[in-house]
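Only one structure is covered here, and it is reproduced in the block below.
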Amino acid sequence: MSDPKKFIQLEDEHGAHNYHPLPVVLSSGEGAMVVDSAGRKYLDLLSAYSAMNFGHRHPRLIDAANQQLGKLTLTSRAFHNDQLGPFCAELAELAGMDAVLPMNTGAEAVETGIKTARKWGYERKGVPADQARIIAFDGNFHGRTTTIVSFSTDETARTNFGPFTPGFDLVPYGDLAATAAAITPDTVAVLVEPIQGEAGVVIPPKGWLAALRELCTENNVLLIADEIQSGLGRTGYTFACEHDGVRPDIYLLGKALGGGVVPLSAMVANRDVMDVYGPGQHGSTFGGNPLASAVGREVVAMMAEGTWQQRSRELGEHLAGALSKLDSSKVKELRVRGLWAGVELSANAPSARTVCERMADAGVLCKETHETTVRLAPPLVITEEQLDHAVAVLAKAME
């Protein structure tokens with residue numbers, strides 16, 4: 001065991017200061033529990049922003065990784081490997097679509113979706129060269145690459161990173177009329193989070209996604225669903241779009257797709273969209289590598305069983321009931337969908353950062369977002385007893 005302060009000091013001295021983590025240094029984990037370098041145990045209520053949906057070191061995922069580690073880890077896409085094809089086929093079936101384009105990180109999946117929509121617009125819709133436009137929404141979070149921050153409304157992510165990439169139109173989240181008004185003949189796609197995670201687990205009005213689907217269909221515009229945080233069981237369904245009975249033209253997946261073991265993301269679409277690509281027009285050395293594909297296959301197999309989605313729904317109802325008992329004078333709004341919750345604090349409550357620091361001191365880890373919201377995303381392996389304990393710690397931290 002080692003003093004966490006030493007690790008924090010080393011990171012501070014030699015790492016970039018692009019994060020402001022809680023002062024906890026984690027060394028090991030299993031299930032919903034993690035242990036710091038001093039041997040103290042914590043309950044994880046963040047799940048690495050949904051990357052750890054199945055908990056830390058889930059035996060099935062670790063076994064899949066270990067088996068592949070003993071065989072082959074990387075070939076590049078210059079050659080085929082025996083895991084990529086099955087991974088693509090199995091993920092496509094899970095999503096009810098035809099084809100998969102694998103990448104590594106969530107931001108890469110979003111960039112892939114943007115490139116795909118533009119190319120589709122020029123080659124299928126007939127949009128004039130370099131005139132394609134994509135609609136996105138206020139409060140969005142799709143990553144931090146140069147193009148993605150070009151349509152972010154988070155000034156921390158944008159300031160001093162210009163000049164920005166053109167071709168994006170921003171409208172209020174949940175506003176169908178504003179979206180319709182923003183569509184032009186050059187609009188090729190609407191890029192949407194079915195639930196805005198980084199914004200504080202913001203859930204759109206009931207029926208809005210379904211109406212958005214109809215609007216896109218009527219105007220020959222692709223609907224791109226960024227399910228990188230909301231997908232793969234987090235909200236009680238395989239995909240959050242299912243709450244509104246919606247199937248987009250493109251799914252963007254990541255985080256939990258790699259089982260918390262390796263980075264793995266993907267764009268999933270039907271052939272009429274995917275086949276805009278030819279050899280050399282997009283790719284990644286590590287995208288679709290056999291190690292990530294083997295882990296991803298096991299994630300897909302777990303999702304195909306349906307038990308994780310059911311567990312998320314049932315535990316989500318329990319979590320919502322427990323959170324509803326919090327001091328109403330300290331809670332401005334409570335937003336829960338499956339095992340995902342945003343507790344927006346009122347003006348007379350401590351800051352969200354203070355609440356999260358107090359919770360960490362009490363052995364429960366979560367993270368604030370946008371200063372006023374405590375975001376909860378526990379792993380799907382968590383128990384009702386652990387949820388009750390976590391909410392009790394949250395209630396104490398809000399005093």
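Labeling convention for the structure tokens: chains A, B, ... as they appear, residues from 1 per chain, ligands from 1 in order of appearance.
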
Closest pair table for range 67-124 of chain A residues within 8 Å of range 187-200 of chain A, only C-alpha atoms, as JSON lines:
{"residue": "A:Ala117", "atom": "CA", "partner": "A:Val188", "partner_atom": "CA", "distance": 6.0}
{"residue": "A:Arg118", "atom": "CA", "partner": "A:Val188", "partner_atom": "CA", "distance": 6.5}
{"residue": "A:Trp120", "atom": "CA", "partner": "A:Val188", "partner_atom": "CA", "distance": 7.6}
{"residue": "A:Gly121", "atom": "CA", "partner": "A:Val188", "partner_atom": "CA", "distance": 5.3}

Residues of range 229-337 of chain A that have any atom at most 9 Å from an atom of range 42-66 of chain A: could you tabulate them with the shortest-distance atom pair and the distance in Å to one decimal, using only C-alpha atoms, ordered by chain and increasing number, as JSON lines?
{"residue": "A:Gln229", "atom": "CA", "partner": "A:Ser50", "partner_atom": "CA", "distance": 5.6}
{"residue": "A:Ser230", "atom": "CA", "partner": "A:Ser50", "partner_atom": "CA", "distance": 7.7}
{"residue": "A:Gly231", "atom": "CA", "partner": "A:Ser50", "partner_atom": "CA", "distance": 8.7}
{"residue": "A:Leu232", "atom": "CA", "partner": "A:Asn53", "partner_atom": "CA", "distance": 8.0}
{"residue": "A:Gly233", "atom": "CA", "partner": "A:Asn53", "partner_atom": "CA", "distance": 7.6}
{"residue": "A:Arg234", "atom": "CA", "partner": "A:Asn53", "partner_atom": "CA", "distance": 6.9}
{"residue": "A:Gly254", "atom": "CA", "partner": "A:Ala51", "partner_atom": "CA", "distance": 7.8}
{"residue": "A:Lys255", "atom": "CA", "partner": "A:Ala51", "partner_atom": "CA", "distance": 4.1}
{"residue": "A:Ala256", "atom": "CA", "partner": "A:Ala51", "partner_atom": "CA", "distance": 4.0}
{"residue": "A:Leu257", "atom": "CA", "partner": "A:Ala51", "partner_atom": "CA", "distance": 7.5}
{"residue": "A:Gly258", "atom": "CA", "partner": "A:Ala51", "partner_atom": "CA", "distance": 7.4}
{"residue": "A:Gly259", "atom": "CA", "partner": "A:Met52", "partner_atom": "CA", "distance": 6.3}
{"residue": "A:Gly260", "atom": "CA", "partner": "A:Met52", "partner_atom": "CA", "distance": 4.9}
{"residue": "A:Val261", "atom": "CA", "partner": "A:Ile62", "partner_atom": "CA", "distance": 7.5}
{"residue": "A:Val262", "atom": "CA", "partner": "A:Ala65", "partner_atom": "CA", "distance": 8.9}
{"residue": "A:Leu291", "atom": "CA", "partner": "A:Ala65", "partner_atom": "CA", "distance": 6.4}
{"residue": "A:Ala292", "atom": "CA", "partner": "A:Ala65", "partner_atom": "CA", "distance": 8.0}
{"residue": "A:Ala294", "atom": "CA", "partner": "A:Ala64", "partner_atom": "CA", "distance": 6.3}
{"residue": "A:Val295", "atom": "CA", "partner": "A:Ala64", "partner_atom": "CA", "distance": 5.7}
{"residue": "A:Gly296", "atom": "CA", "partner": "A:Leu61", "partner_atom": "CA", "distance": 8.6}
{"residue": "A:Arg297", "atom": "CA", "partner": "A:Ala64", "partner_atom": "CA", "distance": 8.7}
{"residue": "A:Glu298", "atom": "CA", "partner": "A:Leu61", "partner_atom": "CA", "distance": 6.4}
{"residue": "A:Val299", "atom": "CA", "partner": "A:Leu61", "partner_atom": "CA", "distance": 7.3}
{"residue": "A:Met302", "atom": "CA", "partner": "A:Arg60", "partner_atom": "CA", "distance": 8.9}
{"residue": "A:Trp308", "atom": "CA", "partner": "A:Phe54", "partner_atom": "CA", "distance": 8.6}

Which residue is closest to Ala397 in chain A? Choose from A:Ala177, A:Met359, A:Leu326, A:Leu74 and count only C-alpha atoms.
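When distances to Ala397 in chain A are compared using only C-alpha atoms, the smallest one comes from A:Met359.
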
Determine, counting only C-alpha atoms, which protein, DNA and RNA residues have an atom within 9 Å of an atom of range 146-161 of chain A; residues of the same chain fewer than 3 positions away are not included. Present the result as a PyMOL selection string.
chain A and resi 107+110-111+136-143+164-166+168-170

Using only C-alpha atoms, which of the listed residues (A:Lys71, A:Arg311, A:Arg133, A:Lys206) sits closest to Thr184 in chain A?
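Checking each of A:Lys71, A:Arg311, A:Arg133, A:Lys206 against Thr184 in chain A, counting only C-alpha atoms, the winner is A:Arg133.
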
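Shortest atom-to-atom contact with Val35 in chain A among A:Pro4, A:Trp208, A:Gly15, A:Ala182: A:Pro4, counting only C-alpha atoms.
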
Selected residue, from A:Ala89, A:Val391, A:Val273, A:Leu264, that lies nearest to Ser293 in chain A when counting only C-alpha atoms:
A:Leu264

Do you know which residues are at most 9 Å from Ala210 in chain A counting only C-alpha atoms, after dropping those on the same chain fewer than 2 positions away, and could you put them as a PyMOL selection string?
chain A and resi 206-208+212-215+241+244-247

Restricting the output to all heavy atoms, write the selected residues as a CSV table (one decimal), in the first residue's frame.
chain,number,residue,atom,x,y,z
A,206,LYS,N,-41.3,13.7,-23.6
A,206,LYS,CA,-41.8,12.4,-24.0
A,206,LYS,C,-42.3,12.6,-25.5
A,206,LYS,O,-43.0,13.5,-25.8
A,206,LYS,CB,-43.0,12.0,-23.1
A,206,LYS,CG,-43.5,10.6,-23.5
A,206,LYS,CD,-44.6,10.2,-22.5
A,206,LYS,CE,-45.2,8.8,-22.9
A,206,LYS,NZ,-44.2,7.7,-23.0
A,207,GLY,N,-41.9,11.6,-26.3
A,207,GLY,CA,-42.3,11.6,-27.7
A,207,GLY,C,-41.5,12.5,-28.6
A,207,GLY,O,-41.7,12.4,-29.9
A,208,TRP,N,-40.6,13.2,-28.1
A,208,TRP,CA,-39.7,14.1,-28.9
A,208,TRP,C,-38.8,13.3,-29.9
A,208,TRP,O,-38.7,13.7,-31.1
A,208,TRP,CB,-38.9,15.1,-28.0
A,208,TRP,CG,-38.0,16.0,-28.8
A,208,TRP,CD1,-38.4,17.0,-29.6
A,208,TRP,CD2,-36.6,15.9,-28.9
A,208,TRP,NE1,-37.3,17.6,-30.2
A,208,TRP,CE2,-36.1,17.0,-29.7
A,208,TRP,CE3,-35.6,15.1,-28.3
A,208,TRP,CZ2,-34.8,17.2,-30.0
A,208,TRP,CZ3,-34.3,15.3,-28.6
A,208,TRP,CH2,-33.9,16.4,-29.4
A,212,LEU,N,-38.8,13.5,-33.8
A,212,LEU,CA,-37.6,13.8,-34.5
A,212,LEU,C,-37.3,12.8,-35.6
A,212,LEU,O,-36.8,13.2,-36.7
A,212,LEU,CB,-36.4,13.9,-33.5
A,212,LEU,CG,-35.1,14.5,-33.9
A,212,LEU,CD1,-35.3,16.0,-34.3
A,212,LEU,CD2,-34.1,14.4,-32.8
A,213,ARG,N,-37.5,11.5,-35.3
A,213,ARG,CA,-37.4,10.5,-36.3
A,213,ARG,C,-38.3,10.8,-37.5
A,213,ARG,O,-37.8,10.7,-38.7
A,213,ARG,CB,-37.7,9.1,-35.7
A,213,ARG,CG,-37.9,7.9,-36.6
A,213,ARG,CD,-36.6,7.5,-37.2
A,213,ARG,NE,-36.1,8.2,-38.4
A,213,ARG,CZ,-35.0,8.0,-39.0
A,213,ARG,NH1,-34.2,7.0,-38.7
A,213,ARG,NH2,-34.7,8.7,-40.1
A,214,GLU,N,-39.5,11.1,-37.3
A,214,GLU,CA,-40.4,11.4,-38.4
A,214,GLU,C,-39.9,12.6,-39.2
A,214,GLU,O,-40.0,12.6,-40.5
A,214,GLU,CB,-41.8,11.6,-37.9
A,214,GLU,CG,-42.5,10.4,-37.3
A,214,GLU,CD,-43.9,10.7,-36.7
A,214,GLU,OE1,-44.4,11.8,-37.0
A,214,GLU,OE2,-44.4,9.8,-36.0
A,215,LEU,N,-39.5,13.6,-38.5
A,215,LEU,CA,-39.0,14.8,-39.2
A,215,LEU,C,-37.8,14.5,-40.1
A,215,LEU,O,-37.8,15.0,-41.2
A,215,LEU,CB,-38.6,15.9,-38.1
A,215,LEU,CG,-38.1,17.2,-38.6
A,215,LEU,CD1,-39.3,18.0,-39.3
A,215,LEU,CD2,-37.6,18.1,-37.5
A,241,CYS,N,-32.8,5.0,-27.3
A,241,CYS,CA,-33.8,5.3,-28.3
A,241,CYS,C,-35.0,4.4,-28.2
A,241,CYS,O,-36.1,4.8,-28.6
A,241,CYS,CB,-33.2,5.1,-29.7
A,241,CYS,SG,-32.0,6.4,-30.2
A,244,ASP,N,-38.5,5.4,-26.8
A,244,ASP,CA,-39.5,6.1,-27.7
A,244,ASP,C,-39.8,5.3,-28.9
A,244,ASP,O,-40.4,5.8,-29.9
A,244,ASP,CB,-39.0,7.5,-28.1
A,244,ASP,CG,-39.1,8.5,-27.0
A,244,ASP,OD1,-38.4,8.4,-26.0
A,244,ASP,OD2,-40.0,9.4,-27.1
A,245,GLY,N,-39.3,4.0,-28.9
A,245,GLY,CA,-39.6,3.2,-30.1
A,245,GLY,C,-38.9,3.6,-31.4
A,245,GLY,O,-39.4,3.4,-32.5
A,246,VAL,N,-37.7,4.3,-31.2
A,246,VAL,CA,-37.1,4.9,-32.3
A,246,VAL,C,-35.8,4.1,-32.8
A,246,VAL,O,-35.1,3.6,-31.9
A,246,VAL,CB,-36.6,6.3,-32.0
A,246,VAL,CG1,-35.6,6.9,-33.0
A,246,VAL,CG2,-37.8,7.2,-31.8
A,247,ARG,N,-35.7,3.9,-34.1
A,247,ARG,CA,-34.4,3.4,-34.6
A,247,ARG,C,-33.8,4.4,-35.5
A,247,ARG,O,-34.4,4.8,-36.5
A,247,ARG,CB,-34.7,2.1,-35.4
A,247,ARG,CG,-33.3,1.5,-36.0
A,247,ARG,CD,-33.6,0.2,-36.7
A,247,ARG,NE,-34.0,-0.8,-35.8
A,247,ARG,CZ,-34.3,-2.1,-36.2
A,247,ARG,NH1,-34.3,-2.4,-37.4
A,247,ARG,NH2,-34.7,-2.9,-35.3

With only C-alpha atoms as the counted atoms, please give the residues lying no more than 12 Å from Ser328 in chain A, apart from itself and same-chain residues fewer than 6 positions off, as a PyMOL selection string.
chain A and resi 334+343-349+395+398-399

DSSP on the backbone: which residues in range 54-175 of chain A end up as strand (DSSP E)? Give the answer as JSON, numbers by chain.
{"A": [99, 100, 101, 102, 103, 133, 134, 135, 136, 137, 168, 169, 170, 171]}

Hey, can you spit out that residue selection with C-alpha atoms as a PDB file, in the first residue's frame?
ATOM      1  CA  ALA A  99     -22.953  -3.179 -40.854  1.00  0.00           C
ATOM      2  CA  VAL A 100     -20.378  -1.936 -38.354  1.00  0.00           C
ATOM      3  CA  LEU A 101     -17.389   0.383 -38.691  1.00  0.00           C
ATOM      4  CA  PRO A 102     -15.180  -0.118 -35.614  1.00  0.00           C
ATOM      5  CA  MET A 103     -13.027   2.605 -34.083  1.00  0.00           C
ATOM      6  CA  ARG A 133     -24.866  20.923 -42.725  1.00  0.00           C
ATOM      7  CA  ILE A 134     -25.533  18.938 -39.551  1.00  0.00           C
ATOM      8  CA  ILE A 135     -27.937  19.949 -36.785  1.00  0.00           C
ATOM      9  CA  ALA A 136     -26.802  19.489 -33.170  1.00  0.00           C
ATOM     10  CA  PHE A 137     -28.265  20.611 -29.859  1.00  0.00           C
ATOM     11  CA  PHE A 168     -23.146  22.875 -37.931  1.00  0.00           C
ATOM     12  CA  ASP A 169     -26.423  24.423 -36.747  1.00  0.00           C
ATOM     13  CA  LEU A 170     -27.353  24.466 -33.069  1.00  0.00           C
ATOM     14  CA  VAL A 171     -30.928  24.374 -31.767  1.00  0.00           C
TER      15      VAL A 171
END

Computed interatomic separation between CA of Ala320 in chain A and CA of Asp226 in chain A (Å):
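So the two atoms, CA of Ala320 in chain A and CA of Asp226 in chain A, lie 24.3 Å apart.
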
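Taking only C-alpha atoms into account, Arg124 in chain A lies nearest to A:Met274 out of the set A:Met274, A:Leu10, A:Leu84, A:Ile228.
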
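When CA of Thr235 in chain A is paired with CA of Ser324 in chain A, their separation reads 17.9 Å.
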
Set out as JSON lines a contact list for range 287-346 of chain A and range 381-386 of chain A with a cut-off of 10 Å, giving each residue of range 287-346 of chain A that qualifies its closest atom pair and distance in Å to one decimal, counting only C-alpha atoms, ordered by chain and rising residue number.
{"residue": "A:Trp308", "atom": "CA", "partner": "A:Val381", "partner_atom": "CA", "distance": 8.6}
{"residue": "A:Arg311", "atom": "CA", "partner": "A:Val381", "partner_atom": "CA", "distance": 8.4}
{"residue": "A:Ser312", "atom": "CA", "partner": "A:Val381", "partner_atom": "CA", "distance": 9.0}
{"residue": "A:Glu314", "atom": "CA", "partner": "A:Glu384", "partner_atom": "CA", "distance": 9.7}
{"residue": "A:Leu315", "atom": "CA", "partner": "A:Glu384", "partner_atom": "CA", "distance": 6.8}
{"residue": "A:Gly316", "atom": "CA", "partner": "A:Glu384", "partner_atom": "CA", "distance": 9.7}
{"residue": "A:His318", "atom": "CA", "partner": "A:Glu384", "partner_atom": "CA", "distance": 7.1}
{"residue": "A:Leu319", "atom": "CA", "partner": "A:Glu384", "partner_atom": "CA", "distance": 8.0}
{"residue": "A:Ala322", "atom": "CA", "partner": "A:Glu384", "partner_atom": "CA", "distance": 9.9}
{"residue": "A:Leu339", "atom": "CA", "partner": "A:Ile382", "partner_atom": "CA", "distance": 9.7}

Save out the residues we just selected, all heavy atoms, as a PDB file, in the first residue's frame.
ATOM      1  N   TRP A 308     -29.388  -7.956 -18.460  1.00  0.00           N
ATOM      2  CA  TRP A 308     -28.759  -6.717 -17.972  1.00  0.00           C
ATOM      3  C   TRP A 308     -29.714  -5.541 -18.139  1.00  0.00           C
ATOM      4  O   TRP A 308     -29.800  -4.670 -17.262  1.00  0.00           O
ATOM      5  CB  TRP A 308     -27.452  -6.460 -18.715  1.00  0.00           C
ATOM      6  CG  TRP A 308     -26.412  -7.481 -18.393  1.00  0.00           C
ATOM      7  CD1 TRP A 308     -26.098  -8.602 -19.104  1.00  0.00           C
ATOM      8  CD2 TRP A 308     -25.581  -7.499 -17.219  1.00  0.00           C
ATOM      9  NE1 TRP A 308     -25.108  -9.309 -18.466  1.00  0.00           N
ATOM     10  CE2 TRP A 308     -24.768  -8.656 -17.313  1.00  0.00           C
ATOM     11  CE3 TRP A 308     -25.434  -6.650 -16.129  1.00  0.00           C
ATOM     12  CZ2 TRP A 308     -23.831  -8.975 -16.336  1.00  0.00           C
ATOM     13  CZ3 TRP A 308     -24.502  -6.964 -15.162  1.00  0.00           C
ATOM     14  CH2 TRP A 308     -23.708  -8.112 -15.269  1.00  0.00           C
ATOM     15  N   ARG A 311     -32.297  -5.843 -15.445  1.00  0.00           N
ATOM     16  CA  ARG A 311     -31.707  -5.477 -14.153  1.00  0.00           C
ATOM     17  C   ARG A 311     -31.614  -3.955 -14.024  1.00  0.00           C
ATOM     18  O   ARG A 311     -31.913  -3.380 -12.974  1.00  0.00           O
ATOM     19  CB  ARG A 311     -30.329  -6.111 -14.022  1.00  0.00           C
ATOM     20  CG  ARG A 311     -29.643  -5.839 -12.700  1.00  0.00           C
ATOM     21  CD  ARG A 311     -28.313  -6.583 -12.573  1.00  0.00           C
ATOM     22  NE  ARG A 311     -27.687  -6.296 -11.293  1.00  0.00           N
ATOM     23  CZ  ARG A 311     -27.989  -6.895 -10.153  1.00  0.00           C
ATOM     24  NH1 ARG A 311     -28.917  -7.850 -10.151  1.00  0.00           N
ATOM     25  NH2 ARG A 311     -27.395  -6.561  -9.018  1.00  0.00           N
ATOM     26  N   SER A 312     -31.205  -3.301 -15.099  1.00  0.00           N
ATOM     27  CA  SER A 312     -31.105  -1.847 -15.088  1.00  0.00           C
ATOM     28  C   SER A 312     -32.466  -1.198 -14.864  1.00  0.00           C
ATOM     29  O   SER A 312     -32.585  -0.227 -14.104  1.00  0.00           O
ATOM     30  CB  SER A 312     -30.499  -1.360 -16.408  1.00  0.00           C
ATOM     31  OG  SER A 312     -30.417   0.040 -16.440  1.00  0.00           O
ATOM     32  N   GLU A 314     -35.131  -2.548 -13.324  1.00  0.00           N
ATOM     33  CA  GLU A 314     -35.621  -2.823 -11.972  1.00  0.00           C
ATOM     34  C   GLU A 314     -34.829  -2.048 -10.912  1.00  0.00           C
ATOM     35  O   GLU A 314     -35.417  -1.453 -10.003  1.00  0.00           O
ATOM     36  CB  GLU A 314     -35.555  -4.321 -11.699  1.00  0.00           C
ATOM     37  CG  GLU A 314     -36.524  -5.131 -12.564  1.00  0.00           C
ATOM     38  CD  GLU A 314     -36.351  -6.623 -12.419  1.00  0.00           C
ATOM     39  OE1 GLU A 314     -35.379  -7.044 -11.750  1.00  0.00           O
ATOM     40  OE2 GLU A 314     -37.181  -7.376 -12.967  1.00  0.00           O
ATOM     41  N   LEU A 315     -33.508  -2.061 -11.036  1.00  0.00           N
ATOM     42  CA  LEU A 315     -32.705  -1.313 -10.077  1.00  0.00           C
ATOM     43  C   LEU A 315     -32.895   0.191 -10.253  1.00  0.00           C
ATOM     44  O   LEU A 315     -32.806   0.955  -9.289  1.00  0.00           O
ATOM     45  CB  LEU A 315     -31.233  -1.680 -10.222  1.00  0.00           C
ATOM     46  CG  LEU A 315     -30.835  -3.064  -9.711  1.00  0.00           C
ATOM     47  CD1 LEU A 315     -29.375  -3.360 -10.047  1.00  0.00           C
ATOM     48  CD2 LEU A 315     -31.050  -3.181  -8.206  1.00  0.00           C
ATOM     49  N   GLY A 316     -33.172   0.602 -11.495  1.00  0.00           N
ATOM     50  CA  GLY A 316     -33.433   2.012 -11.743  1.00  0.00           C
ATOM     51  C   GLY A 316     -34.688   2.487 -11.024  1.00  0.00           C
ATOM     52  O   GLY A 316     -34.735   3.600 -10.498  1.00  0.00           O
ATOM     53  N   HIS A 318     -35.786   1.199  -8.274  1.00  0.00           N
ATOM     54  CA  HIS A 318     -35.406   1.258  -6.861  1.00  0.00           C
ATOM     55  C   HIS A 318     -34.624   2.534  -6.568  1.00  0.00           C
ATOM     56  O   HIS A 318     -34.874   3.209  -5.556  1.00  0.00           O
ATOM     57  CB  HIS A 318     -34.574   0.029  -6.507  1.00  0.00           C
ATOM     58  CG  HIS A 318     -34.235  -0.066  -5.054  1.00  0.00           C
ATOM     59  ND1 HIS A 318     -35.063  -0.674  -4.127  1.00  0.00           N
ATOM     60  CD2 HIS A 318     -33.159   0.394  -4.350  1.00  0.00           C
ATOM     61  CE1 HIS A 318     -34.516  -0.596  -2.931  1.00  0.00           C
ATOM     62  NE2 HIS A 318     -33.359   0.053  -3.037  1.00  0.00           N
ATOM     63  N   LEU A 319     -33.692   2.869  -7.465  1.00  0.00           N
ATOM     64  CA  LEU A 319     -32.899   4.082  -7.278  1.00  0.00           C
ATOM     65  C   LEU A 319     -33.777   5.320  -7.299  1.00  0.00           C
ATOM     66  O   LEU A 319     -33.632   6.215  -6.460  1.00  0.00           O
ATOM     67  CB  LEU A 319     -31.834   4.171  -8.378  1.00  0.00           C
ATOM     68  CG  LEU A 319     -30.984   5.442  -8.404  1.00  0.00           C
ATOM     69  CD1 LEU A 319     -30.184   5.590  -7.115  1.00  0.00           C
ATOM     70  CD2 LEU A 319     -30.060   5.446  -9.615  1.00  0.00           C
ATOM     71  N   ALA A 322     -35.584   5.671  -4.033  1.00  0.00           N
ATOM     72  CA  ALA A 322     -34.705   6.115  -2.942  1.00  0.00           C
ATOM     73  C   ALA A 322     -34.366   7.590  -3.075  1.00  0.00           C
ATOM     74  O   ALA A 322     -34.379   8.344  -2.089  1.00  0.00           O
ATOM     75  CB  ALA A 322     -33.433   5.267  -2.934  1.00  0.00           C
ATOM     76  N   LEU A 339     -30.526   3.028 -14.674  1.00  0.00           N
ATOM     77  CA  LEU A 339     -29.514   3.274 -13.639  1.00  0.00           C
ATOM     78  C   LEU A 339     -28.652   4.482 -13.995  1.00  0.00           C
ATOM     79  O   LEU A 339     -27.425   4.428 -14.037  1.00  0.00           O
ATOM     80  CB  LEU A 339     -28.635   2.031 -13.446  1.00  0.00           C
ATOM     81  CG  LEU A 339     -29.162   1.007 -12.441  1.00  0.00           C
ATOM     82  CD1 LEU A 339     -28.248  -0.210 -12.381  1.00  0.00           C
ATOM     83  CD2 LEU A 339     -29.312   1.621 -11.045  1.00  0.00           C
TER      84      LEU A 339
END

What parts of range 55-218 of chain A does DSSP call alpha helix (DSSP H)? I'd like the answer as a ChimeraX atom specification.
/A:59-69,84-95,106-120,146-149,155-158,176-182,208-218

Selected residue of minimal separation from Ala109 in chain A among A:Ala390, A:Ile250, A:Val202, A:Ala32, counting only C-alpha atoms
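Smallest separation from Ala109 in chain A among the options: A:Ile250.
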